[in-house]
Structures are given as C-alpha cells and as structure tokens.
Amino acid sequence: MPSVTVAADVLAELRRHATRVRCEVPLAEQCTFHIGGPAELYVEVASREELRQALSILRHLKLPCFLLGAGSNVLFCDHGFPGAVVRLRGQLAEYTIEGTSLVAGAGAMLPFVVKGAVEAGLGGVESLVGVPGTLGGALVMNAGTSEGAIGELVNAVEVMGPDGEGTTLSRHELSFGYRTSSLGGSVVVGATLRFLPSDRQALRQRVSALLKLRAETQPLGTFNVGSIFKNPPGDRAGRLIEAVGLKGHRIGGAQISPRHANFIVNVDRATARDVSLLIAEAQRRVRDCFQLELEPEIKIVGPQGT
Ligand SMILES: Cc1cc2nc3c(=O)[nH]c(=O)nc-3n(C[C@H](O)[C@H](O)[C@H](O)COP(=O)(O)OP(=O)(O)OC[C@H]3O[C@@H](n4cnc5c(N)ncnc54)[C@H](O)[C@@H]3O)c2cc1C
C-alpha cells in the first residue's frame with residue numbers, strides 16, 4: 001500500500017481551510033458496514049469555499065480523493081484508503097424548501113429531506129424513506145426502490161469542477177439509470193429537486209407503510225450497506241442467492257442475512273475480505289446454477305476496488 005506522509009505545513013494549510021482534518025482515521029467508523037482500514041486523511045468541509053480550497057490542496061498533493069456521503073453503500077478495504085476521504089458538512093448539508101422545490105447541499109441526509117418534504121405536503125421523495133444516505137450519495141447511485149428513484153425528481157445538480165468552479169447541470173444534461181448516474185466521478189455539491197403537492201396525511205401513511213415493510217423484510221439494526229447486488233433483469237438477486245442455498249451462509253464475521261439474502265451483515269468484526277469472499281461465493285453459485293452474473297451494487301473502495 002503506497003503511503004504519502006502529509007507534511008506538517010500542508011496539514012496546517014488544510015486545517016486553515018477545512019472544518020476538520022484528521023490523519024489515519026479508521027473508515028470502519030465512517031460507514032454503516034463498520035468495516036475498513038484507515039484513511040490517510042479525513043477532511044470535513046462546511047462550505048463551497050472550504051471544499052474548493054481543500055480539493056485544490058489535495059490535488060496539489062496528488063493525493064487520491066474520495067467523496068464520502070453517509071457511507072451506506074460502500075465497502076472500504078481492510079488496508080484503508082491511501083488518500084483523502086472528504087465529507088460535506090455545515091452549509092453543504094443543509095436544505096430548504098421553496099414552494100414545490102427542495103434546494104439542498106449534497107451532504108443533506110436523505111431521511112431529513114424525506115421528513116421535510118412529507119411535513120410540507122410534498123410528494124415524490126417519500127418512496128425513499130429508509131434509505132440512510134446523503135443526497136449526494138443518492139444522486140450518484142440514483143438511489144431508489146421499486147416505487148421510483150431519485151433521478152426522476154431532479155431539476156438541477158451543482159457539481160464542482162477541477163478548477164473549483166461550480167457548474168449547474170440541468171435535468172437534460174444528466175442521465176440516471178438503474179443504481180447509476182452520469183454523476184459518478186464528479187464532486188456533487190448540491191441539487192434542486194422538484195416535488196408534487198400532496199396530501200400530508202396520505203404521505204405520512206405511505207411512509208409508515210413503507211417503513212413497516214422494510215422492518216419486516218430487511219435486517220434493520222445491523223451493520224450492513226443495503227442490497228449488495230443489483231437485481232438482474234426480471235429477477236431478484238435475493239431470490240437467486242436464497243435459491244442456491246446461501247441464505248445465512250457465513251464467512252468469518254460476515255453473513256448473508258437470514259432475513260434478506262441480498263444483504264450481507266457484519267455480525268462479528270467482519271473484514272472486507274470476509275465480505276468479498278461471500279460476494280464471490282454468491283456470484284459463483286448463481287453463475288453455476290442460473291448462468292447469470294450478479295453485479296455488485298455497492299462501491300468497493302480500495303486498491304482492488306474503485
Ligand atoms: C439499511 C439500508 C437500506 C438501504 N436501502 C436502499 C434502497 O432502498 N435503495 C437504494 O438505492 N439504496 C439503498 N441503500 C444503499 C444506500 O443507502 C444508498 O445507495 C445511498 O444513496 C448511498 O448514499 P451515501 O450518502 O451513504 O453514499 P456513500 O455510500 O457514502 O457513497 C456512495 C457513492 O456515492 C459517492 N458520493 C457520495 N457523496 C458524493 C458527493 N457529494 N459527490 C460525489 N460523489 C459522492 C461516493 O463517492 C460513492 O461512490 C440502503 C442502505 C442501507 C444500509
């Protein structure tokens with residue numbers, strides 16, 4: 001693992017511009033899987049200016065940079081990340097509702113956005129209730145359910161280019177697919193979403209019903225990152241994994257959830273290697289039985305990953 005020792009003067013410069021800068025931060029603390037070695041640098045920025053300055057310094061250092069949302073869809077490798085993990089806080093995590101639009105920083109937590117929209121009597125985003133990420137992560141992943149995905153609600157997205165300039169991309173300049181978008185690799189700063197005026201009470205009931213369904217079908221309250229694999233066309237990854245007899249299968253501290261076979265749960269200090277072995281085993285068995293290739297939905301971050 002290559003390691004760049006960040007010089008004290010560079011650290012001091014970063015600390016002058018960013019809200020929080022720490023070295024060798026365990027990534028297990030920063031994701032819902034609770035797995036992963038240290039990030040060489042962990043940087044929190046609370047405004048566009050802080051983000052611009054931090055990215056400029058990191059670029060100058062030639063340190064790889066990873067934009068982290070809430071860490072609810074990532075598997076960090078056991079060796080950690082040889083670079084800087086950057087998180088958006090403060091102003092970049094705020095949202096406001098103006099009429100039927102929501103204007104939000106990419107660091108805004110989706111559960112708060114959903115609650116805010118429902119209480120304002122605005123519909124569209126309530127189907128994402130229970131998705132524990134940030135707006136930025138949701139946009140990059142085009143988070144969604146069988147009821148709809150966030151891309152359908154997007155009016156515009158603000159990204160920051162390598163020169164630190166903000167650019168607003170309108171809806172027709174973006175593309176969203178099944179758990180993917182044209183925003184991968186960009187630095188997403190914020191977005192405007194468009195909602196539909198709806199009956200508040202009906203929205204609240206829908207949210208309750210969707211949360212109840214999640215509680216009945218998903219291993220809530222455990223360390224996991226949601227669905228591990230994308231559903232192949234016309235089928236469900238969970239059904240296929242269950243059909244090959246892997247429900248409940250355990251390697252090291254990682255287990256295919258006995259409740260939902262497309263979830264892997266960190267049951268006892270699992271390593272990224274344990275999870276990767278389970279992923280490979282599920283792919284192998286499904287390939288052998290069904291001649292189907294399961295594609296991971298999660299982002300695997302580290303030397304072997306993205
Ligand atoms: C219990 C549970 C249930 C879930 N249910 C669902 C579900 O129903 N539907 C669904 O789609 N997903 C679901 N997920 C997965 C996950 O919550 C979503 O993919 C979520 O949108 C990820 O957001 P995040 O902020 O956690 O992103 P992260 O996991 O932090 O990052 C995901 C990707 O987005 C990138 N990214 C994040 N923020 C930015 C930014 N500002 N700029 C550029 N890139 C950025 C990261 O670099 C990474 O590539 C679930 C997860 C859990 C744990």
# chains A, B, ... in the order shown; residues from 1 in each chain; ligands from 1
>>> closest_atom_pairs(of="chain A", to="ligand 1", cutoff="8 Å", atoms="only C-alpha atoms and all ligand atoms", output="JSON lines")
{"residue": "A:Cys31", "atom": "CA", "partner": "ligand 1", "partner_atom_place_in_ligand_line": "29 (O)", "distance": 7.3}
{"residue": "A:Thr32", "atom": "CA", "partner": "ligand 1", "partner_atom_place_in_ligand_line": "53 (C)", "distance": 6.0}
{"residue": "A:Phe33", "atom": "CA", "partner": "ligand 1", "partner_atom_place_in_ligand_line": "53 (C)", "distance": 7.6}
{"residue": "A:Phe66", "atom": "CA", "partner": "ligand 1", "partner_atom_place_in_ligand_line": "47 (O)", "distance": 5.6}
{"residue": "A:Leu67", "atom": "CA", "partner": "ligand 1", "partner_atom_place_in_ligand_line": "47 (O)", "distance": 4.4}
{"residue": "A:Leu68", "atom": "CA", "partner": "ligand 1", "partner_atom_place_in_ligand_line": "30 (O)", "distance": 4.2}
{"residue": "A:Gly69", "atom": "CA", "partner": "ligand 1", "partner_atom_place_in_ligand_line": "30 (O)", "distance": 3.3}
{"residue": "A:Ala70", "atom": "CA", "partner": "ligand 1", "partner_atom_place_in_ligand_line": "26 (O)", "distance": 3.6}
{"residue": "A:Gly71", "atom": "CA", "partner": "ligand 1", "partner_atom_place_in_ligand_line": "30 (O)", "distance": 3.4}
{"residue": "A:Ser72", "atom": "CA", "partner": "ligand 1", "partner_atom_place_in_ligand_line": "26 (O)", "distance": 3.6}
{"residue": "A:Asn73", "atom": "CA", "partner": "ligand 1", "partner_atom_place_in_ligand_line": "29 (O)", "distance": 3.4}
{"residue": "A:Val74", "atom": "CA", "partner": "ligand 1", "partner_atom_place_in_ligand_line": "29 (O)", "distance": 4.6}
{"residue": "A:Arg87", "atom": "CA", "partner": "ligand 1", "partner_atom_place_in_ligand_line": "41 (N)", "distance": 7.6}
{"residue": "A:Leu88", "atom": "CA", "partner": "ligand 1", "partner_atom_place_in_ligand_line": "41 (N)", "distance": 6.8}
{"residue": "A:Ala106", "atom": "CA", "partner": "ligand 1", "partner_atom_place_in_ligand_line": "41 (N)", "distance": 5.0}
{"residue": "A:Gly107", "atom": "CA", "partner": "ligand 1", "partner_atom_place_in_ligand_line": "41 (N)", "distance": 6.2}
{"residue": "A:Met109", "atom": "CA", "partner": "ligand 1", "partner_atom_place_in_ligand_line": "25 (O)", "distance": 7.5}
{"residue": "A:Leu128", "atom": "CA", "partner": "ligand 1", "partner_atom_place_in_ligand_line": "8 (O)", "distance": 6.5}
{"residue": "A:Val129", "atom": "CA", "partner": "ligand 1", "partner_atom_place_in_ligand_line": "8 (O)", "distance": 7.9}
{"residue": "A:Gly130", "atom": "CA", "partner": "ligand 1", "partner_atom_place_in_ligand_line": "3 (C)", "distance": 6.1}
{"residue": "A:Val131", "atom": "CA", "partner": "ligand 1", "partner_atom_place_in_ligand_line": "5 (N)", "distance": 4.4}
{"residue": "A:Pro132", "atom": "CA", "partner": "ligand 1", "partner_atom_place_in_ligand_line": "17 (O)", "distance": 4.7}
{"residue": "A:Gly133", "atom": "CA", "partner": "ligand 1", "partner_atom_place_in_ligand_line": "23 (O)", "distance": 3.5}
{"residue": "A:Thr134", "atom": "CA", "partner": "ligand 1", "partner_atom_place_in_ligand_line": "25 (O)", "distance": 3.6}
{"residue": "A:Leu135", "atom": "CA", "partner": "ligand 1", "partner_atom_place_in_ligand_line": "25 (O)", "distance": 6.3}
{"residue": "A:Gly136", "atom": "CA", "partner": "ligand 1", "partner_atom_place_in_ligand_line": "41 (N)", "distance": 4.1}
{"residue": "A:Gly137", "atom": "CA", "partner": "ligand 1", "partner_atom_place_in_ligand_line": "37 (C)", "distance": 3.5}
{"residue": "A:Ala138", "atom": "CA", "partner": "ligand 1", "partner_atom_place_in_ligand_line": "21 (O)", "distance": 3.2}
{"residue": "A:Leu139", "atom": "CA", "partner": "ligand 1", "partner_atom_place_in_ligand_line": "21 (O)", "distance": 6.8}
{"residue": "A:Val140", "atom": "CA", "partner": "ligand 1", "partner_atom_place_in_ligand_line": "34 (O)", "distance": 5.1}
{"residue": "A:Met141", "atom": "CA", "partner": "ligand 1", "partner_atom_place_in_ligand_line": "19 (O)", "distance": 5.5}
{"residue": "A:Asn142", "atom": "CA", "partner": "ligand 1", "partner_atom_place_in_ligand_line": "11 (O)", "distance": 6.4}
{"residue": "A:Ala143", "atom": "CA", "partner": "ligand 1", "partner_atom_place_in_ligand_line": "11 (O)", "distance": 3.1}
{"residue": "A:Gly144", "atom": "CA", "partner": "ligand 1", "partner_atom_place_in_ligand_line": "11 (O)", "distance": 4.1}
{"residue": "A:Thr145", "atom": "CA", "partner": "ligand 1", "partner_atom_place_in_ligand_line": "8 (O)", "distance": 5.0}
{"residue": "A:Ala149", "atom": "CA", "partner": "ligand 1", "partner_atom_place_in_ligand_line": "11 (O)", "distance": 7.4}
{"residue": "A:Val159", "atom": "CA", "partner": "ligand 1", "partner_atom_place_in_ligand_line": "42 (N)", "distance": 7.8}
{"residue": "A:Arg179", "atom": "CA", "partner": "ligand 1", "partner_atom_place_in_ligand_line": "11 (O)", "distance": 6.2}
{"residue": "A:Leu183", "atom": "CA", "partner": "ligand 1", "partner_atom_place_in_ligand_line": "43 (C)", "distance": 7.1}
{"residue": "A:Gly184", "atom": "CA", "partner": "ligand 1", "partner_atom_place_in_ligand_line": "44 (N)", "distance": 6.4}
{"residue": "A:Gly185", "atom": "CA", "partner": "ligand 1", "partner_atom_place_in_ligand_line": "43 (C)", "distance": 6.4}
{"residue": "A:Ser186", "atom": "CA", "partner": "ligand 1", "partner_atom_place_in_ligand_line": "43 (C)", "distance": 5.3}
{"residue": "A:Val187", "atom": "CA", "partner": "ligand 1", "partner_atom_place_in_ligand_line": "42 (N)", "distance": 4.0}
{"residue": "A:Val188", "atom": "CA", "partner": "ligand 1", "partner_atom_place_in_ligand_line": "42 (N)", "distance": 3.7}
{"residue": "A:Val189", "atom": "CA", "partner": "ligand 1", "partner_atom_place_in_ligand_line": "41 (N)", "distance": 5.6}
{"residue": "A:Gly190", "atom": "CA", "partner": "ligand 1", "partner_atom_place_in_ligand_line": "41 (N)", "distance": 7.5}
{"residue": "A:Gln218", "atom": "CA", "partner": "ligand 1", "partner_atom_place_in_ligand_line": "1 (C)", "distance": 7.2}
{"residue": "A:Pro219", "atom": "CA", "partner": "ligand 1", "partner_atom_place_in_ligand_line": "1 (C)", "distance": 7.3}
{"residue": "A:Leu220", "atom": "CA", "partner": "ligand 1", "partner_atom_place_in_ligand_line": "1 (C)", "distance": 5.9}
{"residue": "A:Gly221", "atom": "CA", "partner": "ligand 1", "partner_atom_place_in_ligand_line": "1 (C)", "distance": 7.9}
{"residue": "A:Phe223", "atom": "CA", "partner": "ligand 1", "partner_atom_place_in_ligand_line": "53 (C)", "distance": 7.5}
{"residue": "A:Asn224", "atom": "CA", "partner": "ligand 1", "partner_atom_place_in_ligand_line": "53 (C)", "distance": 5.2}
{"residue": "A:Val225", "atom": "CA", "partner": "ligand 1", "partner_atom_place_in_ligand_line": "53 (C)", "distance": 3.7}
{"residue": "A:Gly226", "atom": "CA", "partner": "ligand 1", "partner_atom_place_in_ligand_line": "51 (C)", "distance": 3.5}
{"residue": "A:Ser227", "atom": "CA", "partner": "ligand 1", "partner_atom_place_in_ligand_line": "14 (N)", "distance": 6.4}
{"residue": "A:Ile298", "atom": "CA", "partner": "ligand 1", "partner_atom_place_in_ligand_line": "19 (O)", "distance": 7.4}
{"residue": "A:Lys299", "atom": "CA", "partner": "ligand 1", "partner_atom_place_in_ligand_line": "49 (O)", "distance": 5.8}
>>> atom_distance(atom1="CA of Val125 (chain A)", atom2="CA of Ile256 (chain A)")
29.3 Å
>>> atom_distance(atom1="CA of Arg59 (chain A)", atom2="CA of Arg22 (chain A)")
17.5 Å
>>> closest_residue(among="A:Ser182, A:Ser101, A:Asn262, A:Gln255", to="Gly151 (chain A)", atoms="only C-alpha atoms")
A:Ser182
>>> decode(residues="region 133-148 of chain A", atoms="all heavy atoms", output="CSV table (one decimal), in the first residue's frame")
chain,number,residue,atom,x,y,z
A,133,GLY,N,-28.8,7.4,3.3
A,133,GLY,CA,-27.6,8.1,2.8
A,133,GLY,C,-27.8,9.6,2.8
A,133,GLY,O,-28.8,10.2,3.3
A,134,THR,N,-26.9,10.2,2.1
A,134,THR,CA,-27.0,11.7,1.8
A,134,THR,C,-27.6,11.9,0.5
A,134,THR,O,-27.7,11.0,-0.4
A,134,THR,CB,-25.6,12.3,1.8
A,134,THR,OG1,-24.8,11.7,0.8
A,134,THR,CG2,-24.8,12.2,3.1
A,135,LEU,N,-27.9,13.2,0.2
A,135,LEU,CA,-28.5,13.5,-1.1
A,135,LEU,C,-27.4,13.2,-2.2
A,135,LEU,O,-27.7,12.7,-3.2
A,135,LEU,CB,-28.9,15.0,-1.1
A,135,LEU,CG,-29.4,15.5,-2.5
A,135,LEU,CD1,-30.7,14.8,-2.8
A,135,LEU,CD2,-29.7,17.0,-2.4
A,136,GLY,N,-26.2,13.6,-1.9
A,136,GLY,CA,-25.1,13.4,-2.9
A,136,GLY,C,-24.9,11.9,-3.3
A,136,GLY,O,-24.9,11.6,-4.4
A,137,GLY,N,-24.9,11.1,-2.2
A,137,GLY,CA,-24.8,9.6,-2.5
A,137,GLY,C,-26.0,9.1,-3.2
A,137,GLY,O,-25.8,8.3,-4.2
A,138,ALA,N,-27.1,9.6,-2.9
A,138,ALA,CA,-28.4,9.1,-3.6
A,138,ALA,C,-28.3,9.5,-5.0
A,138,ALA,O,-28.7,8.7,-5.9
A,138,ALA,CB,-29.6,9.7,-2.9
A,139,LEU,N,-27.8,10.7,-5.3
A,139,LEU,CA,-27.8,11.2,-6.7
A,139,LEU,C,-26.8,10.4,-7.5
A,139,LEU,O,-27.1,9.9,-8.7
A,139,LEU,CB,-27.5,12.7,-6.8
A,139,LEU,CG,-28.6,13.6,-6.3
A,139,LEU,CD1,-28.0,15.0,-6.1
A,139,LEU,CD2,-29.8,13.6,-7.2
A,140,VAL,N,-25.6,10.2,-7.0
A,140,VAL,CA,-24.6,9.4,-7.7
A,140,VAL,C,-25.1,8.0,-8.0
A,140,VAL,O,-24.9,7.4,-9.1
A,140,VAL,CB,-23.3,9.4,-6.9
A,140,VAL,CG1,-22.3,8.4,-7.5
A,140,VAL,CG2,-22.7,10.8,-6.9
A,141,MET,N,-25.7,7.4,-7.0
A,141,MET,CA,-26.2,6.0,-7.1
A,141,MET,C,-27.6,5.9,-7.8
A,141,MET,O,-28.0,4.8,-8.0
A,141,MET,CB,-26.3,5.4,-5.7
A,141,MET,CG,-25.1,5.3,-4.8
A,141,MET,SD,-23.7,4.4,-5.7
A,141,MET,CE,-24.5,2.8,-6.0
A,142,ASN,N,-28.2,7.0,-8.0
A,142,ASN,CA,-29.6,7.0,-8.3
A,142,ASN,C,-30.4,6.1,-7.4
A,142,ASN,O,-31.0,5.1,-7.9
A,142,ASN,CB,-29.8,6.7,-9.8
A,142,ASN,CG,-31.3,7.0,-10.3
A,142,ASN,OD1,-32.0,7.8,-9.6
A,142,ASN,ND2,-31.7,6.3,-11.3
A,143,ALA,N,-30.3,6.4,-6.1
A,143,ALA,CA,-31.0,5.5,-5.1
A,143,ALA,C,-32.5,5.4,-5.4
A,143,ALA,O,-33.1,6.4,-5.9
A,143,ALA,CB,-30.7,6.1,-3.7
A,144,GLY,N,-33.0,4.3,-5.2
A,144,GLY,CA,-34.5,4.1,-5.4
A,144,GLY,C,-35.0,2.8,-4.9
A,144,GLY,O,-34.2,2.0,-4.3
A,145,THR,N,-36.2,2.6,-5.2
A,145,THR,CA,-36.9,1.4,-4.8
A,145,THR,C,-37.8,1.0,-6.0
A,145,THR,O,-37.7,1.7,-7.1
A,145,THR,CB,-37.8,1.5,-3.6
A,145,THR,OG1,-38.9,2.4,-4.0
A,145,THR,CG2,-37.1,2.1,-2.4
A,146,SER,N,-38.5,-0.1,-5.9
A,146,SER,CA,-39.4,-0.4,-7.0
A,146,SER,C,-40.5,0.7,-7.2
A,146,SER,O,-41.1,0.7,-8.3
A,146,SER,CB,-40.1,-1.7,-6.7
A,146,SER,OG,-40.8,-1.6,-5.4
A,147,GLU,N,-40.6,1.6,-6.3
A,147,GLU,CA,-41.6,2.7,-6.4
A,147,GLU,C,-41.1,3.9,-7.1
A,147,GLU,O,-41.8,4.8,-7.4
A,147,GLU,CB,-42.0,3.2,-5.0
A,147,GLU,CG,-42.3,2.1,-4.0
A,147,GLU,CD,-43.8,1.8,-4.0
A,147,GLU,OE1,-44.6,2.7,-4.2
A,147,GLU,OE2,-44.1,0.6,-4.0
A,148,GLY,N,-39.8,4.0,-7.4
A,148,GLY,CA,-39.2,5.1,-8.1
A,148,GLY,C,-37.8,5.4,-7.6
A,148,GLY,O,-37.4,4.9,-6.5
